[in-house]
>>> print(open('protein_32.txt').read())   # compact mmCIF, C-alpha atoms
# COMPACT_ATOMS: atom_id res chain seq x y z
CA MET T 26 5.61 24.82 -1.11
CA THR T 27 4.39 23.55 -4.47
CA VAL T 28 4.60 19.83 -5.14
CA ARG T 29 6.24 19.10 -8.50
CA PHE T 30 7.72 16.02 -10.15
CA ASP T 31 9.72 17.58 -12.99
CA GLY T 32 12.43 15.25 -14.23
CA GLN T 33 11.02 12.31 -12.29
CA VAL T 34 9.71 9.03 -13.67
CA ALA T 35 6.67 7.32 -12.20
CA ILE T 36 5.21 3.87 -12.77
CA VAL T 37 1.52 3.56 -11.94
CA THR T 38 -0.02 0.10 -12.13
CA GLY T 39 -3.69 -0.38 -12.90
CA ALA T 40 -3.67 3.11 -14.40
CA GLY T 41 -6.21 2.63 -17.18
CA ASN T 42 -9.25 3.33 -15.05
CA GLY T 43 -10.40 4.67 -11.68
CA LEU T 44 -7.82 5.60 -9.10
CA GLY T 45 -4.82 4.60 -11.19
CA ARG T 46 -5.98 6.75 -14.09
CA SER T 47 -6.46 9.70 -11.73
CA HIS T 48 -3.03 9.12 -10.16
CA ALA T 49 -1.28 8.95 -13.54
CA LEU T 50 -2.94 12.11 -14.83
CA ALA T 51 -2.20 14.00 -11.61
CA LEU T 52 1.48 12.99 -11.62
CA ALA T 53 1.86 13.95 -15.27
CA GLU T 54 0.14 17.29 -14.70
CA ARG T 55 2.82 18.13 -12.16
CA GLY T 56 5.70 17.20 -14.42
CA ALA T 57 6.32 13.47 -14.04
CA LYS T 58 6.99 11.16 -16.95
CA VAL T 59 4.57 8.27 -16.46
CA VAL T 60 4.46 4.60 -17.33
CA VAL T 61 0.74 3.91 -17.57
CA ASN T 62 0.44 0.22 -16.75
CA ASP T 63 -2.83 -1.61 -17.20
CA LEU T 64 -3.59 -5.19 -18.17
CA GLY T 65 -6.98 -3.98 -19.32
CA GLY T 66 -8.89 -6.83 -17.75
CA ALA T 67 -12.33 -6.94 -16.19
CA ARG T 68 -12.90 -6.23 -12.50
CA ASP T 69 -12.31 -9.90 -11.67
CA GLY T 70 -9.03 -9.92 -13.59
CA SER T 71 -10.25 -11.75 -16.67
CA GLY T 72 -9.37 -10.62 -20.20
CA SER T 73 -6.98 -7.93 -21.37
CA SER T 74 -6.93 -4.83 -23.56
CA SER T 75 -4.50 -1.96 -24.12
CA GLU T 76 -7.24 0.52 -24.97
CA ALA T 77 -7.64 2.11 -21.51
CA ALA T 78 -3.90 2.62 -20.97
CA GLN T 79 -3.46 4.08 -24.45
CA GLU T 80 -6.28 6.54 -23.77
CA VAL T 81 -4.59 7.79 -20.61
CA VAL T 82 -1.29 8.17 -22.46
CA ALA T 83 -3.05 10.16 -25.17
CA LEU T 84 -4.59 12.48 -22.57
CA ILE T 85 -1.19 13.09 -20.98
CA LYS T 86 0.45 13.82 -24.33
CA GLN T 87 -2.37 16.17 -25.33
CA LYS T 88 -1.44 18.30 -22.33
CA GLY T 89 2.25 18.30 -23.27
CA GLY T 90 3.35 15.52 -20.94
CA GLU T 91 5.36 12.36 -21.53
CA ALA T 92 3.92 8.88 -21.04
CA ILE T 93 4.13 5.35 -22.34
CA ALA T 94 1.60 2.55 -22.08
CA ASN T 95 2.40 -0.89 -20.75
CA GLY T 96 0.19 -3.97 -20.49
CA ALA T 97 2.17 -6.07 -18.00
CA ASN T 98 0.31 -8.43 -15.71
CA VAL T 99 1.78 -7.47 -12.33
CA SER T 100 1.45 -11.04 -11.05
CA SER T 101 4.18 -12.03 -13.56
CA PHE T 102 7.64 -10.90 -12.48
CA GLU T 103 9.00 -11.35 -16.01
CA GLU T 104 6.38 -8.97 -17.41
CA VAL T 105 6.99 -6.49 -14.59
CA GLN T 106 10.75 -6.58 -15.21
CA ALA T 107 10.15 -5.88 -18.89
CA MET T 108 7.96 -2.90 -17.89
CA VAL T 109 10.70 -1.47 -15.69
CA ASN T 110 13.24 -2.04 -18.47
CA GLN T 111 10.93 -0.10 -20.80
CA ALA T 112 10.94 2.83 -18.38
CA MET T 113 14.72 2.70 -18.02
CA ASP T 114 15.24 2.53 -21.79
CA ALA T 115 12.96 5.52 -22.30
CA TRP T 116 14.02 7.77 -19.41
CA GLY T 117 16.93 6.17 -17.53
CA ARG T 118 15.46 6.17 -14.03
CA VAL T 119 12.45 5.28 -11.88
CA ASP T 120 11.64 7.62 -9.00
CA ILE T 121 8.09 6.67 -8.08
CA LEU T 122 6.23 3.36 -7.97
CA VAL T 123 2.51 3.40 -7.30
CA ASN T 124 1.23 -0.13 -6.66
CA ASN T 125 -2.42 0.33 -7.56
CA ALA T 126 -3.40 -2.65 -9.73
CA GLY T 127 -6.08 -4.84 -8.22
CA ILE T 128 -9.03 -7.11 -8.82
CA LEU T 129 -12.08 -8.21 -6.86
CA ARG T 130 -13.50 -11.69 -6.40
CA ASP T 131 -15.84 -11.17 -3.49
CA LYS T 132 -17.65 -14.02 -1.75
CA SER T 133 -18.15 -15.09 1.83
CA PHE T 134 -15.27 -17.26 3.03
CA SER T 135 -17.42 -20.40 3.20
CA LYS T 136 -18.35 -20.04 -0.48
CA MET T 137 -15.02 -18.81 -1.80
CA ALA T 138 -12.95 -21.12 -3.96
CA LEU T 139 -9.28 -21.23 -2.95
CA GLU T 140 -8.40 -20.31 -6.52
CA ASP T 141 -10.21 -16.98 -6.06
CA PHE T 142 -8.34 -16.37 -2.81
CA GLN T 143 -4.98 -17.16 -4.42
CA THR T 144 -5.63 -15.06 -7.52
CA VAL T 145 -6.49 -11.97 -5.50
CA MET T 146 -3.37 -12.46 -3.37
CA ASP T 147 -1.27 -12.89 -6.52
CA VAL T 148 -2.44 -9.59 -8.00
CA HIS T 149 -2.57 -7.35 -4.92
CA LEU T 150 0.25 -8.74 -2.80
CA MET T 151 2.61 -10.49 -5.19
CA GLY T 152 1.93 -7.89 -7.86
CA SER T 153 3.20 -5.23 -5.48
CA VAL T 154 6.13 -7.43 -4.42
CA ASN T 155 7.09 -8.00 -8.06
CA CYS T 156 7.01 -4.29 -8.86
CA CYS T 157 8.97 -3.35 -5.72
CA LYS T 158 11.59 -5.99 -6.46
CA ALA T 159 11.99 -4.80 -10.06
CA VAL T 160 12.66 -1.16 -9.04
CA TRP T 161 14.44 -1.71 -5.73
CA GLU T 162 18.05 -1.84 -6.98
CA ILE T 163 17.42 1.11 -9.28
CA MET T 164 16.19 3.20 -6.38
CA ARG T 165 19.04 2.03 -4.13
CA GLN T 166 21.62 3.08 -6.71
CA GLN T 167 19.85 6.41 -7.23
CA GLN T 168 19.73 6.90 -3.46
CA TYR T 169 16.14 7.97 -3.97
CA GLY T 170 12.72 6.41 -4.38
CA ARG T 171 9.09 6.73 -3.41
CA ILE T 172 6.98 3.55 -3.18
CA ILE T 173 3.28 3.55 -2.43
CA MET T 174 1.22 0.49 -1.56
CA THR T 175 -2.54 0.60 -1.97
CA ALA T 176 -4.27 -0.94 1.04
CA SER T 177 -7.91 -0.63 2.05
CA SER T 178 -10.17 -0.23 5.05
CA SER T 179 -11.19 -3.81 4.22
CA GLY T 180 -7.67 -4.87 5.17
CA LEU T 181 -7.28 -2.56 8.15
CA TYR T 182 -10.70 -3.28 9.66
CA GLY T 183 -12.35 -6.10 7.69
CA ASN T 184 -15.32 -6.23 5.34
CA PHE T 185 -17.86 -9.01 4.90
CA GLY T 186 -17.20 -11.07 1.78
CA GLN T 187 -13.65 -9.82 1.26
CA SER T 188 -11.40 -12.23 3.15
CA ASN T 189 -9.08 -12.57 0.14
CA TYR T 190 -8.97 -8.84 -0.60
CA GLY T 191 -8.64 -7.89 3.07
CA ALA T 192 -5.82 -10.37 3.67
CA ALA T 193 -3.89 -9.09 0.67
CA LYS T 194 -4.39 -5.45 1.61
CA MET T 195 -3.24 -5.90 5.21
CA ALA T 196 -0.22 -7.87 4.00
CA LEU T 197 0.86 -4.77 2.09
CA VAL T 198 1.12 -2.87 5.38
CA GLY T 199 3.58 -5.48 6.61
CA LEU T 200 5.54 -5.18 3.37
CA MET T 201 5.64 -1.39 3.77
CA ASN T 202 6.93 -1.63 7.34
CA THR T 203 9.97 -3.68 6.36
CA LEU T 204 10.76 -1.86 3.11
CA HIS T 205 10.70 1.38 5.11
CA LEU T 206 13.39 0.00 7.43
CA GLU T 207 15.51 -1.48 4.64
CA GLY T 208 15.20 1.52 2.33
CA ALA T 209 15.76 4.33 4.82
CA LYS T 210 19.52 4.71 4.31
CA TYR T 211 19.04 4.75 0.55
CA GLY T 212 16.51 7.56 0.52
CA ILE T 213 13.65 5.20 -0.32
CA HIS T 214 10.41 6.16 1.41
CA THR T 215 7.63 3.60 1.47
CA ASN T 216 4.07 4.49 2.39
CA THR T 217 0.56 3.08 2.13
CA LEU T 218 -2.59 4.68 0.78
CA ALA T 219 -5.94 3.38 2.03
CA PRO T 220 -8.43 4.92 -0.44
CA ALA T 221 -12.19 5.12 -0.57
CA ALA T 222 -13.36 6.16 -4.03
CA GLY T 223 -16.22 5.75 -6.44
CA THR T 224 -14.79 3.53 -9.18
CA ARG T 225 -15.78 0.39 -11.05
CA MET T 226 -14.25 -1.58 -8.18
CA THR T 227 -16.70 -0.08 -5.70
CA GLU T 228 -19.81 0.72 -7.74
CA ASP T 229 -21.67 -2.29 -6.33
CA LEU T 230 -20.69 -1.33 -2.78
CA ILE T 231 -21.83 2.29 -3.14
CA PRO T 232 -25.29 2.16 -4.74
CA ASP T 233 -26.28 5.74 -3.78
CA LYS T 234 -25.18 7.94 -6.69
CA ARG T 235 -24.93 11.05 -4.49
CA VAL T 236 -22.44 9.27 -2.24
CA PHE T 237 -20.62 7.76 -5.22
CA ASP T 238 -20.20 11.21 -6.77
CA LEU T 239 -18.70 12.62 -3.56
CA MET T 240 -16.02 9.93 -3.53
CA THR T 241 -13.98 11.21 -6.45
CA PRO T 242 -10.71 9.52 -7.45
CA GLU T 243 -9.17 12.99 -7.71
CA SER T 244 -9.65 13.60 -3.98
CA VAL T 245 -7.68 10.43 -3.27
CA SER T 246 -4.96 11.34 -5.76
CA ALA T 247 -4.24 14.51 -3.77
CA GLY T 248 -3.19 12.26 -0.90
CA LEU T 249 -1.27 9.96 -3.22
CA LEU T 250 0.82 12.84 -4.54
CA ALA T 251 1.65 13.88 -0.99
CA LEU T 252 3.11 10.39 -0.43
CA CYS T 253 5.06 10.55 -3.72
CA CYS T 254 6.78 13.89 -3.33
CA GLN T 255 10.30 14.68 -2.17
CA GLN T 256 9.00 15.90 1.20
CA ALA T 257 6.94 12.73 1.78
CA PRO T 258 7.13 10.96 5.12
CA SER T 259 7.78 7.21 5.32
CA ARG T 260 6.00 4.24 6.88
CA GLN T 261 2.68 6.04 7.02
CA ILE T 262 -0.84 4.79 6.29
CA LEU T 263 -2.81 7.65 4.75
CA CYS T 264 -6.56 7.13 4.49
CA ALA T 265 -8.33 9.26 1.90
CA GLY T 266 -11.85 9.59 0.53
CA ALA T 267 -14.47 12.21 -0.39
CA GLY T 268 -12.07 14.98 0.62
CA GLY T 269 -11.30 13.45 4.01
CA TYR T 270 -7.73 12.56 5.01
CA ALA T 271 -6.59 10.67 8.10
CA ARG T 272 -3.76 8.50 9.39
CA ALA T 273 -4.20 4.94 10.53
CA ARG T 274 -1.69 3.75 13.13
CA ILE T 275 -1.02 0.46 14.92
CA TYR T 276 -0.46 0.80 18.65
CA GLU T 277 0.54 -1.72 21.30
CA THR T 278 -0.41 -1.41 24.95
CA ASP T 279 2.24 -1.60 27.63
CA GLY T 280 0.73 -4.88 28.82
CA ILE T 281 1.32 -6.97 31.92
CA PHE T 282 3.91 -9.42 33.20
CA LEU T 283 3.09 -12.84 34.65
CA ALA T 284 5.70 -14.74 36.63
CA PRO T 285 6.58 -18.25 35.39
CA ASP T 286 4.24 -19.94 37.90
CA GLU T 287 1.42 -17.54 36.90
CA GLN T 288 1.64 -18.02 33.13
CA THR T 289 -1.69 -19.74 32.56
CA PRO T 290 -4.56 -18.98 30.15
CA GLU T 291 -6.77 -18.28 33.17
CA ASN T 292 -4.43 -15.53 34.36
CA VAL T 293 -4.12 -14.06 30.86
CA LEU T 294 -7.91 -13.78 30.70
CA ALA T 295 -8.08 -12.45 34.26
CA GLY T 296 -5.63 -9.72 33.33
CA TRP T 297 -7.37 -8.82 30.07
CA ASP T 298 -8.63 -5.42 31.20
CA GLN T 299 -5.22 -4.51 32.57
CA LEU T 300 -3.28 -5.62 29.49
CA SER T 301 -5.80 -3.70 27.37
CA ASP T 302 -5.16 -0.42 29.23
CA ASN T 303 -4.13 2.05 26.53
CA SER T 304 -2.81 4.80 28.78
CA GLN T 305 0.82 3.91 27.96
CA GLN T 306 0.35 2.47 24.49
CA LYS T 307 3.03 3.16 21.87
CA GLU T 308 3.48 2.99 18.12
CA LEU T 309 6.43 0.59 17.80
CA GLN T 310 8.94 1.29 15.05
CA ALA T 311 10.25 -2.25 14.50
CA GLY T 312 9.30 -5.77 15.52
CA GLY T 313 12.24 -6.15 17.88
CA GLU T 314 10.89 -3.37 20.09
CA GLN T 315 8.10 -5.66 21.25
CA SER T 316 10.58 -8.32 22.38
CA LEU T 317 12.72 -5.75 24.16
CA LYS T 318 9.66 -4.42 25.98
CA PHE T 319 8.62 -7.86 27.22
CA ILE T 320 12.17 -8.80 28.21
CA GLY T 321 12.52 -5.52 30.08
CA LYS T 322 9.30 -6.08 32.01
CA ALA T 323 10.33 -9.64 32.89
CA ALA T 324 13.81 -8.60 33.99
CA ALA T 325 12.45 -5.79 36.17
CA ALA T 326 9.87 -8.05 37.81
CA LEU T 327 12.36 -10.88 38.45
CA GLY T 328 15.25 -8.68 39.53
CA ILE T 329 17.48 -9.66 36.62
CA LYS T 330 20.16 -7.12 35.65
CA LEU T 331 20.57 -6.82 31.90
CA GLY T 332 23.44 -5.32 29.92
>>> encode(input="protein_32.txt", output="structure tokens")
Amino acid sequence: MTVRFDGQVAIVTGAGNGLGRSHALALAERGAKVVVNDLGGARDGSGSSSEAAQEVVALIKQKGGEAIANGANVSSFEEVQAMVNQAMDAWGRVDILVNNAGILRDKSFSKMALEDFQTVMDVHLMGSVNCCKAVWEIMRQQQYGRIIMTASSSGLYGNFGQSNYGAAKMALVGLMNTLHLEGAKYGIHTNTLAPAAGTRMTEDLIPDKRVFDLMTPESVSAGLLALCCQQAPSRQILCAGAGGYARARIYETDGIFLAPDEQTPENVLAGWDQLSDNSQQKELQAGGEQSLKFIGKAAAALGIKLG
């Protein structure tokens, strides 16, 4: 099987540099028409310039591909809607949305201004929401779509000094989970990429040049393309970096049941080891499954017949 995107239209946000640039070039190389979106700001989101996006478009066209540049700020729904309209006017469809745009404003939580927290949330979380909202009806009507969120190990596991970034990145996993459920019958697959790459976003975090050079954006883009293609799964978190690829999954243990007269914090703590037993843990497919599990355990323990 060869992965191709001939006849498909992709929007890649934050595509002027780093991972987004690599994603856009890789999609175009395999036949996609690409909207290269980039505000052209600094790493903290300040300023703007169309130069980087135009350069990527030029590279795509030099290789015989089709691309257009767009400078929308993803935190503005009006600008995002205009970007999607531009894609529709040019090519009449949108098949792939890669939510990649992001900024960093790292500080420990005690020193972080709320404005810096809000701004990072606006770009990473609301930027992705805005883009998803702008393409959602198009993809529903097409009965086809591929949406990729860009999360991070900082969101999945935490990272000192990145409470704003981590919160936004983990929120995208929650967004993916629900869009997967709502888009399934329309052929819309939604996945999440958790990349580790040597880019301007991470150059301060990876001071060793040998390590930095191993963590190529191109290695991450291979995973991204797998999540974009027709055969892509849905509701998956793919971690990628330095040629390594892995899945992150959220499991829930089977847990314990406490009778009404036993439901005290002391008994919860006393049962901690038991409720932590992972021998029967499961990957739940929707939030309601947790409630059904707990209700089932309660009914069985109390002799209540359900249904």
>>> closest_residue(input="protein_32.txt", among="T:Asp114, T:Glu54, T:Leu44, T:Gly313", to="Ala221 in chain T", atoms="all atoms listed in the file")
T:Leu44
>>> atom_distance(input="protein_32.txt", atom1="CA of Ile36 in chain T", atom2="CA of Leu50 in chain T")
11.8 Å
>>> closest_residue(input="protein_32.txt", among="T:Val198, T:Ala107, T:Leu122, T:Leu84", to="Leu150 in chain T", atoms="only C-alpha atoms")
T:Val198
>>> residues_around(input="protein_32.txt", residues="Gly332 in chain T", least_positions_apart="2", cutoff="12 Å", atoms="only C-alpha atoms", output="list in words")
Ile320, Gly321, Ala324, Ile329 and Lys330 of chain T
>>> atom_distance(input="protein_32.txt", atom1="CA of Val109 in chain T", atom2="CA of Ser259 in chain T")
22.9 Å
>>> atom_distance(input="protein_32.txt", atom1="CA of Val123 in chain T", atom2="CA of Ala247 in chain T")
13.5 Å
>>> closest_atom_pairs(input="protein_32.txt", of="range 200-272 of chain T", to="range 159-183 of chain T", cutoff="10 Å", atoms="only C-alpha atoms", output="CSV")
residue,atom,partner,partner_atom,distance
T:Leu200,CA,T:Met174,CA,8.7
T:Met201,CA,T:Met174,CA,7.2
T:Leu204,CA,T:Ile172,CA,9.1
T:His205,CA,T:Ile172,CA,9.3
T:Gly208,CA,T:Arg165,CA,7.5
T:Ala209,CA,T:Tyr169,CA,9.5
T:Lys210,CA,T:Gln168,CA,8.1
T:Tyr211,CA,T:Gln168,CA,4.6
T:Gly212,CA,T:Tyr169,CA,4.5
T:Ile213,CA,T:Gly170,CA,4.3
T:His214,CA,T:Arg171,CA,5.0
T:Thr215,CA,T:Ile172,CA,4.7
T:Asn216,CA,T:Ile173,CA,5.0
T:Thr217,CA,T:Met174,CA,4.6
T:Leu218,CA,T:Thr175,CA,4.9
T:Ala219,CA,T:Ser177,CA,4.5
T:Pro220,CA,T:Ser177,CA,6.1
T:Ala221,CA,T:Ser177,CA,7.6
T:Leu249,CA,T:Ile173,CA,7.9
T:Leu250,CA,T:Ile173,CA,9.8
T:Leu252,CA,T:Ile173,CA,7.1
T:Cys253,CA,T:Arg171,CA,5.6
T:Cys254,CA,T:Arg171,CA,7.5
T:Gln255,CA,T:Arg171,CA,8.1
T:Ala257,CA,T:Arg171,CA,8.2
T:Pro258,CA,T:Arg171,CA,9.7
T:Ser259,CA,T:Arg171,CA,8.8
T:Arg260,CA,T:Ile173,CA,9.7
T:Gln261,CA,T:Ile173,CA,9.8
T:Ile262,CA,T:Ala176,CA,8.5
T:Leu263,CA,T:Ala176,CA,9.5
T:Cys264,CA,T:Ser178,CA,8.2
T:Ala265,CA,T:Ser177,CA,9.9
>>> write_last_selection(input="protein_32.txt", atoms="C-alpha atoms", output="tab-separated table (two decimals), in the frame of the given file")
chain	number	residue	atom	x	y	z
T	200	LEU	CA	5.54	-5.18	3.37
T	201	MET	CA	5.64	-1.39	3.77
T	204	LEU	CA	10.76	-1.86	3.11
T	205	HIS	CA	10.70	1.38	5.11
T	208	GLY	CA	15.20	1.52	2.33
T	209	ALA	CA	15.76	4.33	4.82
T	210	LYS	CA	19.52	4.71	4.31
T	211	TYR	CA	19.04	4.75	0.55
T	212	GLY	CA	16.51	7.56	0.52
T	213	ILE	CA	13.65	5.20	-0.32
T	214	HIS	CA	10.41	6.16	1.41
T	215	THR	CA	7.63	3.60	1.47
T	216	ASN	CA	4.07	4.49	2.39
T	217	THR	CA	0.56	3.08	2.13
T	218	LEU	CA	-2.59	4.68	0.78
T	219	ALA	CA	-5.94	3.38	2.03
T	220	PRO	CA	-8.43	4.92	-0.44
T	221	ALA	CA	-12.19	5.12	-0.57
T	249	LEU	CA	-1.27	9.96	-3.22
T	250	LEU	CA	0.82	12.84	-4.54
T	252	LEU	CA	3.11	10.39	-0.43
T	253	CYS	CA	5.06	10.55	-3.72
T	254	CYS	CA	6.78	13.89	-3.33
T	255	GLN	CA	10.30	14.68	-2.17
T	257	ALA	CA	6.94	12.73	1.78
T	258	PRO	CA	7.13	10.96	5.12
T	259	SER	CA	7.78	7.21	5.32
T	260	ARG	CA	6.00	4.24	6.88
T	261	GLN	CA	2.68	6.04	7.02
T	262	ILE	CA	-0.84	4.79	6.29
T	263	LEU	CA	-2.81	7.65	4.75
T	264	CYS	CA	-6.56	7.13	4.49
T	265	ALA	CA	-8.33	9.26	1.90
>>> build_atoms(input="protein_32.txt", residues="range 303-321 of chain T", atoms="N, CA, C and O atoms", output="CSV table (one decimal), in the coordinates of the input")
chain,number,residue,atom,x,y,z
T,303,ASN,N,-4.9,1.3,27.6
T,303,ASN,CA,-4.1,2.0,26.5
T,303,ASN,C,-3.5,3.3,27.0
T,303,ASN,O,-3.0,4.1,26.2
T,304,SER,N,-3.4,3.5,28.3
T,304,SER,CA,-2.8,4.8,28.8
T,304,SER,C,-1.3,5.0,28.4
T,304,SER,O,-0.8,6.1,28.3
T,305,GLN,N,-0.6,3.8,28.3
T,305,GLN,CA,0.8,3.9,28.0
T,305,GLN,C,1.1,3.2,26.6
T,305,GLN,O,2.3,2.8,26.4
T,306,GLN,N,0.1,3.1,25.8
T,306,GLN,CA,0.4,2.5,24.5
T,306,GLN,C,1.3,3.3,23.6
T,306,GLN,O,1.5,4.5,23.8
T,307,LYS,N,2.0,2.5,22.7
T,307,LYS,CA,3.0,3.2,21.9
T,307,LYS,C,2.9,2.6,20.4
T,307,LYS,O,2.4,1.5,20.2
T,308,GLU,N,3.4,3.4,19.5
T,308,GLU,CA,3.5,3.0,18.1
T,308,GLU,C,4.9,2.5,17.9
T,308,GLU,O,5.9,3.3,17.9
T,309,LEU,N,5.1,1.2,17.9
T,309,LEU,CA,6.4,0.6,17.8
T,309,LEU,C,7.0,0.8,16.4
T,309,LEU,O,6.3,0.8,15.4
T,310,GLN,N,8.3,1.0,16.3
T,310,GLN,CA,8.9,1.3,15.0
T,310,GLN,C,9.6,0.1,14.4
T,310,GLN,O,10.0,0.2,13.2
T,311,ALA,N,9.7,-1.0,15.1
T,311,ALA,CA,10.2,-2.2,14.5
T,311,ALA,C,9.8,-3.4,15.4
T,311,ALA,O,9.6,-3.2,16.6
T,312,GLY,N,9.8,-4.6,14.8
T,312,GLY,CA,9.3,-5.8,15.5
T,312,GLY,C,10.1,-6.1,16.8
T,312,GLY,O,9.5,-6.5,17.8
T,313,GLY,N,11.4,-5.8,16.7
T,313,GLY,CA,12.2,-6.2,17.9
T,313,GLY,C,11.9,-5.3,19.1
T,313,GLY,O,12.2,-5.8,20.2
T,314,GLU,N,11.2,-4.2,18.9
T,314,GLU,CA,10.9,-3.4,20.1
T,314,GLU,C,9.9,-4.1,21.0
T,314,GLU,O,9.9,-3.9,22.2
T,315,GLN,N,9.1,-4.9,20.4
T,315,GLN,CA,8.1,-5.7,21.2
T,315,GLN,C,8.8,-6.6,22.2
T,315,GLN,O,8.6,-6.7,23.4
T,316,SER,N,9.8,-7.4,21.6
T,316,SER,CA,10.6,-8.3,22.4
T,316,SER,C,11.3,-7.6,23.5
T,316,SER,O,11.4,-8.1,24.6
T,317,LEU,N,12.0,-6.5,23.2
T,317,LEU,CA,12.7,-5.8,24.2
T,317,LEU,C,11.8,-5.3,25.3
T,317,LEU,O,12.2,-5.3,26.5
T,318,LYS,N,10.6,-4.9,25.0
T,318,LYS,CA,9.7,-4.4,26.0
T,318,LYS,C,9.3,-5.6,26.9
T,318,LYS,O,9.4,-5.4,28.2
T,319,PHE,N,9.0,-6.7,26.4
T,319,PHE,CA,8.6,-7.9,27.2
T,319,PHE,C,9.8,-8.4,28.1
T,319,PHE,O,9.6,-8.7,29.2
T,320,ILE,N,11.0,-8.4,27.5
T,320,ILE,CA,12.2,-8.8,28.2
T,320,ILE,C,12.5,-7.8,29.3
T,320,ILE,O,12.8,-8.2,30.5
T,321,GLY,N,12.3,-6.5,29.1
T,321,GLY,CA,12.5,-5.5,30.1
T,321,GLY,C,11.6,-5.7,31.2
T,321,GLY,O,12.0,-5.5,32.4
